[in-house]
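K.L.:
Here it is, the structure in full.
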Amino acid sequence: MKVRIPSPLRSYTQQQAVVDADGATLTELLFDLDRRYPGLRFRMVDEQGRIRKHMKIFVNDESVRELETRVDARDEITIMQALSGG
Amino acid sequence: MTTTYVTTADAVDRTGDAPVLLVGTRKGAWILSSDAGRQTWTARGPMFLGHIAQHIVLDPRDRTTLLLATRTGHLGPTVFRSTDLGRTWEEASRPPAFAAGDRLERSLNAVFWLTPGHADEPGVWYAGGSPQGLFRSDDGGDTWEPVSGWNDHAQWETWAEWPDEGTPDGSMLHSVIVDPRDSAHLYIGLSGGGVFESVDAGRDWKPLNAGSVATFLPDPDAEFGHDPHCVRLHPLRPDRLYQQNHCGIYRMERPDGRWERVGDNMPRDVGDIGFPIELHPRDPDTAWVFPMDGTDVWPRTSPDGRPAAYVTRDAGASWTRCDRGLPEYAWFTVKRQAMTVDAGDPVGVYFGTTSGEVWASADEGASWECIAHHLPEIYSVEYADPA
């Protein structure tokens, strides 16, 4: 399925804004992303499997924090970072 | 002194054995290099623009491997490695992290401190974190493991600040020190928590805070809970430790385990509060500090807004003010990793400020000149001697 990558993580995807990844759940999808783009997952998911505080994942139009959420090939995944800082 | 700023990677790194400075800032990293006289400087950067560059350290054993502890405000912490003085970088394939399934569900917010291991253990590095975890690499910083003897110590939750962190920037483990005589003899500093020592390569730990006060605790003579800001061991006299603490400047002579407050010999109107303490590479009696205002709400700027380093040449028995060339008034802070010394003769002393300036003294602090300005807030300045 298509995964939209925010600019802070595109150093891992050779600057691609949209990449492909597979998985029946968000957990599986993120491990597949990390297999294709090593190091990406730990920047957005901590060692206890929690999405980092300022990161968000959308499945289609819905913000999801539960990584066991099921997904399928028709879904579009958007990873974004909260807009904050200075 | 003159400084040229370059953003390209093809700048000359150094002339002869002139010093190189590794500068970490809130928004990227710079490498400063000079001529042999330390009069002409080149500032190359930014590297990792927009990333928090907390600490950059060159491996003194191979004089080639450069490690950078970094994160952003949003992305998790990691370590990058370079073997060409920052022209190309490769991320650690397994960055420092607590164990998955950790009993306290800890996750690392920041890699705060980097220390190369013992000279006889090439490839070994230690990293201190926030929360206050300790991590070790055996392969030059590519893969890291938690030091279980510390992170899972039965007293960790008592000694460390957990789960409530004591400062707005988070509690941190810093000042990881390896005894040059014994790779199994380690010291660490916790802000807050105190100084701790291990004699068995990190399997067990004991507090080492007797003699240092903690005026903010109900029991100022408590066994732990102190706030060491920076701890240093002199490599030529490894039984001597210096400490710049939240509550004063201290020295300890081992095997005695008691800190002596040598900061009592500082001028009363300046006090002995600060973040960094740096040691002369060849004289264990000489050290530099940069006092700050620890009154009221702790501005952490220079006392009375008058910046100055202080040097002792008699192991803390007396201190001399070093402010020639510094601004008459300024309100910056010098953080604990933002002061360093080179190996020259006379020794060069350097500090970076939260206002983005790097100041240099080519005469052991007698006079100062600004060698870089308009950088982001500076977190760390480390001397390097690349091959």
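Ordered as shown in the structure tokens, chains take letters A, B, and onward, while each chain numbers its residues from 1 and ligands are numbered from 1 in the order shown.
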Can you pull out the residues contacting segment 242-250 of chain B? Cut-off 7 Å, using only C-alpha atoms, and skip same-chain residues under 3 positions away; I want them as an NGL selection string.

P.N.:
:B and (213-214 or 227-233 or 259-263 or 272-277)

K.L.:
Leaving out Arg52 of chain A and any residue of its chain fewer than 3 positions from it, which residues lie within 10 Å of it when counting only C-alpha atoms, given as a PDB file with all heavy atoms, in the first residue's frame?

P.N.:
ATOM      1  N   PHE A  42      12.628   3.405  14.154  1.00  0.00           N
ATOM      2  CA  PHE A  42      12.981   3.819  15.514  1.00  0.00           C
ATOM      3  C   PHE A  42      12.888   5.332  15.689  1.00  0.00           C
ATOM      4  O   PHE A  42      12.748   5.817  16.810  1.00  0.00           O
ATOM      5  CB  PHE A  42      14.391   3.336  15.874  1.00  0.00           C
ATOM      6  CG  PHE A  42      14.752   3.590  17.317  1.00  0.00           C
ATOM      7  CD1 PHE A  42      14.030   3.004  18.344  1.00  0.00           C
ATOM      8  CD2 PHE A  42      15.796   4.438  17.644  1.00  0.00           C
ATOM      9  CE1 PHE A  42      14.351   3.244  19.670  1.00  0.00           C
ATOM     10  CE2 PHE A  42      16.126   4.690  18.977  1.00  0.00           C
ATOM     11  CZ  PHE A  42      15.402   4.091  19.989  1.00  0.00           C
ATOM     12  N   ARG A  43      12.961   6.074  14.597  1.00  0.00           N
ATOM     13  CA  ARG A  43      12.826   7.514  14.733  1.00  0.00           C
ATOM     14  C   ARG A  43      11.382   7.907  15.048  1.00  0.00           C
ATOM     15  O   ARG A  43      11.140   8.996  15.559  1.00  0.00           O
ATOM     16  CB  ARG A  43      13.304   8.247  13.467  1.00  0.00           C
ATOM     17  CG  ARG A  43      14.718   7.942  13.030  1.00  0.00           C
ATOM     18  CD  ARG A  43      15.787   8.167  14.086  1.00  0.00           C
ATOM     19  NE  ARG A  43      15.902   9.519  14.592  1.00  0.00           N
ATOM     20  CZ  ARG A  43      16.618  10.496  14.009  1.00  0.00           C
ATOM     21  NH1 ARG A  43      17.232  10.267  12.874  1.00  0.00           N
ATOM     22  NH2 ARG A  43      16.709  11.697  14.562  1.00  0.00           N
ATOM     23  N   MET A  44      10.413   7.033  14.722  1.00  0.00           N
ATOM     24  CA  MET A  44       9.005   7.393  14.944  1.00  0.00           C
ATOM     25  C   MET A  44       8.278   6.478  15.932  1.00  0.00           C
ATOM     26  O   MET A  44       7.185   6.813  16.378  1.00  0.00           O
ATOM     27  CB  MET A  44       8.247   7.413  13.619  1.00  0.00           C
ATOM     28  CG  MET A  44       8.299   6.113  12.857  1.00  0.00           C
ATOM     29  SD  MET A  44       7.281   6.144  11.372  1.00  0.00           S
ATOM     30  CE  MET A  44       5.642   6.298  12.055  1.00  0.00           C
ATOM     31  N   VAL A  45       8.887   5.343  16.285  1.00  0.00           N
ATOM     32  CA  VAL A  45       8.288   4.403  17.247  1.00  0.00           C
ATOM     33  C   VAL A  45       9.366   4.066  18.267  1.00  0.00           C
ATOM     34  O   VAL A  45      10.486   3.709  17.894  1.00  0.00           O
ATOM     35  CB  VAL A  45       7.815   3.116  16.548  1.00  0.00           C
ATOM     36  CG1 VAL A  45       7.255   2.128  17.559  1.00  0.00           C
ATOM     37  CG2 VAL A  45       6.766   3.435  15.499  1.00  0.00           C
ATOM     38  N   ASP A  46       9.054   4.164  19.565  1.00  0.00           N
ATOM     39  CA  ASP A  46      10.096   3.926  20.560  1.00  0.00           C
ATOM     40  C   ASP A  46      10.315   2.435  20.790  1.00  0.00           C
ATOM     41  O   ASP A  46       9.643   1.581  20.189  1.00  0.00           O
ATOM     42  CB  ASP A  46       9.804   4.687  21.862  1.00  0.00           C
ATOM     43  CG  ASP A  46       8.662   4.080  22.681  1.00  0.00           C
ATOM     44  OD1 ASP A  46       8.278   2.913  22.444  1.00  0.00           O
ATOM     45  OD2 ASP A  46       8.150   4.786  23.569  1.00  0.00           O
ATOM     46  N   GLU A  47      11.280   2.141  21.694  1.00  0.00           N
ATOM     47  CA  GLU A  47      11.674   0.739  21.891  1.00  0.00           C
ATOM     48  C   GLU A  47      10.599  -0.087  22.571  1.00  0.00           C
ATOM     49  O   GLU A  47      10.702  -1.312  22.627  1.00  0.00           O
ATOM     50  CB  GLU A  47      12.994   0.656  22.664  1.00  0.00           C
ATOM     51  CG  GLU A  47      13.040   1.374  24.006  1.00  0.00           C
ATOM     52  CD  GLU A  47      13.586   2.787  23.888  1.00  0.00           C
ATOM     53  OE1 GLU A  47      12.956   3.597  23.186  1.00  0.00           O
ATOM     54  OE2 GLU A  47      14.617   3.093  24.538  1.00  0.00           O
ATOM     55  N   GLY A  49       7.497   0.079  21.470  1.00  0.00           N
ATOM     56  CA  GLY A  49       6.465  -0.072  20.451  1.00  0.00           C
ATOM     57  C   GLY A  49       5.410   1.014  20.465  1.00  0.00           C
ATOM     58  O   GLY A  49       4.318   0.832  19.914  1.00  0.00           O
ATOM     59  N   MET A  55       4.634  12.317  16.792  1.00  0.00           N
ATOM     60  CA  MET A  55       4.399  11.713  15.479  1.00  0.00           C
ATOM     61  C   MET A  55       2.938  11.255  15.393  1.00  0.00           C
ATOM     62  O   MET A  55       2.335  10.877  16.408  1.00  0.00           O
ATOM     63  CB  MET A  55       5.326  10.509  15.256  1.00  0.00           C
ATOM     64  CG  MET A  55       6.803  10.832  15.347  1.00  0.00           C
ATOM     65  SD  MET A  55       7.373  12.046  14.124  1.00  0.00           S
ATOM     66  CE  MET A  55       7.134  11.144  12.591  1.00  0.00           C
ATOM     67  N   LYS A  56       2.402  11.259  14.186  1.00  0.00           N
ATOM     68  CA  LYS A  56       1.028  10.801  13.976  1.00  0.00           C
ATOM     69  C   LYS A  56       0.989   9.873  12.766  1.00  0.00           C
ATOM     70  O   LYS A  56       1.789  10.021  11.839  1.00  0.00           O
ATOM     71  CB  LYS A  56       0.099  11.985  13.705  1.00  0.00           C
ATOM     72  CG  LYS A  56      -0.269  12.802  14.942  1.00  0.00           C
ATOM     73  CD  LYS A  56      -1.205  13.942  14.555  1.00  0.00           C
ATOM     74  CE  LYS A  56      -1.664  14.726  15.770  1.00  0.00           C
ATOM     75  NZ  LYS A  56      -2.551  13.926  16.659  1.00  0.00           N
ATOM     76  N   ARG A  65      -3.477   5.711  16.812  1.00  0.00           N
ATOM     77  CA  ARG A  65      -2.291   5.518  17.661  1.00  0.00           C
ATOM     78  C   ARG A  65      -2.090   4.053  18.045  1.00  0.00           C
ATOM     79  O   ARG A  65      -1.073   3.675  18.589  1.00  0.00           O
ATOM     80  CB  ARG A  65      -2.376   6.387  18.929  1.00  0.00           C
ATOM     81  CG  ARG A  65      -2.303   7.879  18.625  1.00  0.00           C
ATOM     82  CD  ARG A  65      -1.854   8.685  19.811  1.00  0.00           C
ATOM     83  NE  ARG A  65      -0.428   8.568  20.084  1.00  0.00           N
ATOM     84  CZ  ARG A  65       0.521   9.218  19.412  1.00  0.00           C
ATOM     85  NH1 ARG A  65       0.198  10.012  18.412  1.00  0.00           N
ATOM     86  NH2 ARG A  65       1.791   9.060  19.735  1.00  0.00           N
ATOM     87  N   GLN A  81       4.492  14.454  11.253  1.00  0.00           N
ATOM     88  CA  GLN A  81       4.922  14.921  12.561  1.00  0.00           C
ATOM     89  C   GLN A  81       4.070  16.114  12.932  1.00  0.00           C
ATOM     90  O   GLN A  81       3.662  16.891  12.067  1.00  0.00           O
ATOM     91  CB  GLN A  81       6.405  15.287  12.564  1.00  0.00           C
ATOM     92  CG  GLN A  81       6.768  16.471  11.696  1.00  0.00           C
ATOM     93  CD  GLN A  81       8.190  16.905  11.925  1.00  0.00           C
ATOM     94  OE1 GLN A  81       9.078  16.088  12.083  1.00  0.00           O
ATOM     95  NE2 GLN A  81       8.416  18.208  11.963  1.00  0.00           N
TER      96      GLN A  81
ATOM     97  N   HIS B  74      10.992  16.048  17.126  1.00  0.00           N
ATOM     98  CA  HIS B  74       9.927  15.091  16.851  1.00  0.00           C
ATOM     99  C   HIS B  74      10.441  13.661  16.731  1.00  0.00           C
ATOM    100  O   HIS B  74       9.794  12.731  17.193  1.00  0.00           O
ATOM    101  CB  HIS B  74       9.216  15.446  15.535  1.00  0.00           C
ATOM    102  CG  HIS B  74       8.546  16.776  15.563  1.00  0.00           C
ATOM    103  ND1 HIS B  74       9.236  17.961  15.485  1.00  0.00           N
ATOM    104  CD2 HIS B  74       7.240  17.104  15.669  1.00  0.00           C
ATOM    105  CE1 HIS B  74       8.377  18.961  15.536  1.00  0.00           C
ATOM    106  NE2 HIS B  74       7.164  18.472  15.658  1.00  0.00           N
ATOM    107  N   LEU B  75      11.598  13.501  16.108  1.00  0.00           N
ATOM    108  CA  LEU B  75      12.111  12.157  15.838  1.00  0.00           C
ATOM    109  C   LEU B  75      12.918  11.648  17.016  1.00  0.00           C
ATOM    110  O   LEU B  75      13.542  12.414  17.751  1.00  0.00           O
ATOM    111  CB  LEU B  75      12.982  12.163  14.580  1.00  0.00           C
ATOM    112  CG  LEU B  75      12.326  12.682  13.297  1.00  0.00           C
ATOM    113  CD1 LEU B  75      13.313  12.605  12.141  1.00  0.00           C
ATOM    114  CD2 LEU B  75      11.059  11.895  12.979  1.00  0.00           C
ATOM    115  N   GLY B  76      12.972  10.333  17.157  1.00  0.00           N
ATOM    116  CA  GLY B  76      13.676   9.715  18.266  1.00  0.00           C
ATOM    117  C   GLY B  76      15.180   9.885  18.179  1.00  0.00           C
ATOM    118  O   GLY B  76      15.721  10.317  17.158  1.00  0.00           O
ATOM    119  N   SER B 107      11.595   4.485  27.550  1.00  0.00           N
ATOM    120  CA  SER B 107      12.088   4.729  26.196  1.00  0.00           C
ATOM    121  C   SER B 107      13.033   5.917  26.260  1.00  0.00           C
ATOM    122  O   SER B 107      12.849   6.840  27.048  1.00  0.00           O
ATOM    123  CB  SER B 107      10.943   4.989  25.212  1.00  0.00           C
ATOM    124  OG  SER B 107      10.346   6.229  25.451  1.00  0.00           O
ATOM    125  N   ASN B 109      14.713   9.255  25.396  1.00  0.00           N
ATOM    126  CA  ASN B 109      14.353  10.518  24.745  1.00  0.00           C
ATOM    127  C   ASN B 109      15.541  11.165  24.060  1.00  0.00           C
ATOM    128  O   ASN B 109      15.384  11.855  23.060  1.00  0.00           O
ATOM    129  CB  ASN B 109      13.793  11.503  25.774  1.00  0.00           C
ATOM    130  CG  ASN B 109      12.473  11.054  26.329  1.00  0.00           C
ATOM    131  OD1 ASN B 109      11.658  10.486  25.612  1.00  0.00           O
ATOM    132  ND2 ASN B 109      12.257  11.280  27.610  1.00  0.00           N
TER     133      ASN B 109
END

K.L.:
Tell me which of A:Ser7, A:Thr25, A:Gln48, A:Thr78 sits closest to chain B, counting only C-alpha atoms.

P.N.:
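Once distances to chain B are computed over only C-alpha atoms, the minimum belongs to A:Gln48.
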
K.L.:
What is the distance, in Å and to one decimal place, between atom CA of Met80 of chain A and atom CA of Arg26 of chain B?

P.N.:
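Taking atom CA of Met80 of chain A and atom CA of Arg26 of chain B, their separation equals 21.9 Å.
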
K.L.:
What is the distance, in Å and to one decimal place, between atom CA of Asp61 of chain A and atom CA of Asp75 of chain A?

P.N.:
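Taking atom CA of Asp61 of chain A as the start and atom CA of Asp75 of chain A as the end point, the length is 9.7 Å.
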
K.L.:
I'd like the contact shell of Ala29 of chain B - 6 Å cut-off, only C-alpha atoms, skipping same-chain residues fewer than 2 positions apart - returned as a PDB file with N, CA and C atoms, in the first residue's frame.

P.N.:
ATOM      1  N   VAL B  23      31.563  21.234  17.294  1.00  0.00           N
ATOM      2  CA  VAL B  23      30.578  22.096  17.938  1.00  0.00           C
ATOM      3  C   VAL B  23      29.181  21.540  17.673  1.00  0.00           C
ATOM      4  N   GLY B  24      28.481  21.164  18.738  1.00  0.00           N
ATOM      5  CA  GLY B  24      27.103  20.707  18.637  1.00  0.00           C
ATOM      6  C   GLY B  24      26.159  21.815  19.069  1.00  0.00           C
ATOM      7  N   THR B  25      25.108  22.026  18.290  1.00  0.00           N
ATOM      8  CA  THR B  25      24.159  23.087  18.615  1.00  0.00           C
ATOM      9  C   THR B  25      22.735  22.547  18.571  1.00  0.00           C
ATOM     10  N   PRO B  46      26.526  24.250   8.274  1.00  0.00           N
ATOM     11  CA  PRO B  46      26.070  23.255   9.252  1.00  0.00           C
ATOM     12  C   PRO B  46      25.989  21.852   8.677  1.00  0.00           C
ATOM     13  N   MET B  47      26.233  20.887   9.537  1.00  0.00           N
ATOM     14  CA  MET B  47      25.891  19.502   9.261  1.00  0.00           C
ATOM     15  C   MET B  47      24.629  19.187  10.058  1.00  0.00           C
ATOM     16  N   ALA B  53      22.147  18.604  17.712  1.00  0.00           N
ATOM     17  CA  ALA B  53      23.451  17.935  17.783  1.00  0.00           C
ATOM     18  C   ALA B  53      23.945  18.079  19.221  1.00  0.00           C
TER      19      ALA B  53
END

K.L.:
What gap, in Å, lies between atom CA of Ser137 of chain B and atom CA of Arg81 of chain B?

P.N.:
12.5 Å

K.L.:
Once you count only C-alpha atoms, which residues of chain B turn out to be within 8 Å of chain A? Could you give them as a ChimeraX atom specification?

P.N.:
/B:73-78,91,93-94,97-102,105-108

K.L.:
Could you give me the residues within segment 89-156 of chain B that DSSP places in strand (DSSP E), as a ChimeraX atom specification?

P.N.:
/B:90-91,110-116,125-130,134-137,144-146

K.L.:
Pick the closest to Tyr126 of chain B from B:Leu67, B:Thr167, B:Glu161, B:Val195: which is it, counting only C-alpha atoms?

P.N.:
B:Leu67

K.L.:
Could you pull the residues within 12 Å of Arg70 of chain A, counting only C-alpha atoms, minus those fewer than 6 positions along the same chain, as a PDB file with C-alpha atoms, in the first residue's frame?

P.N.:
ATOM      1  CA  ASP A  22       3.111  -4.211   3.082  1.00  0.00           C
ATOM      2  CA  GLY A  23       1.508  -5.570   6.221  1.00  0.00           C
ATOM      3  CA  ALA A  24      -1.816  -6.679   7.719  1.00  0.00           C
ATOM      4  CA  THR A  25      -1.430  -4.248  10.647  1.00  0.00           C
ATOM      5  CA  LEU A  26       0.359  -0.969  11.206  1.00  0.00           C
ATOM      6  CA  THR A  27       2.944  -2.848  13.262  1.00  0.00           C
ATOM      7  CA  GLU A  28       3.706  -5.149  10.340  1.00  0.00           C
ATOM      8  CA  LEU A  29       3.690  -2.253   7.924  1.00  0.00           C
ATOM      9  CA  VAL A  59      -5.089   5.454   7.973  1.00  0.00           C
ATOM     10  CA  VAL A  64      -4.572   6.142  14.672  1.00  0.00           C
ATOM     11  CA  ILE A  77      -1.174   5.569   5.138  1.00  0.00           C
TER      12      ILE A  77
END

K.L.:
Can you list every residue in segment 20-235 of chain B that DSSP puts in helix (DSSP H, G or I), as a ChimeraX atom specification?

P.N.:
/B:148-151,156-159

K.L.:
Go through B:Ser34, B:Ser198, B:Gln54, B:Gln155 one by one, measure the shortest atom-to-atom distance of each to Leu114 of chain B using only C-alpha atoms, and give the residue with the smallest value.

P.N.:
B:Gln54

K.L.:
Find the residues around segment 343-347 of chain B up to 7 Å (only C-alpha atoms counted), leave out those fewer than 5 positions away in its own chain, and share them as a list of chain:residue names.

P.N.:
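In the requested format, the answer is B:Pro281, B:Ala362, B:Asp363, B:Glu364.
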
K.L.:
Tell me which protein, DNA and RNA residues are within 10 Å of Gly37 of chain B, counting only C-alpha atoms, leaving out same-chain ones fewer than 2 positions away, and put them as an NGL selection string.

P.N.:
:B and (1 or 15 or 18-19 or 34-35 or 39-41 or 344 or 362)
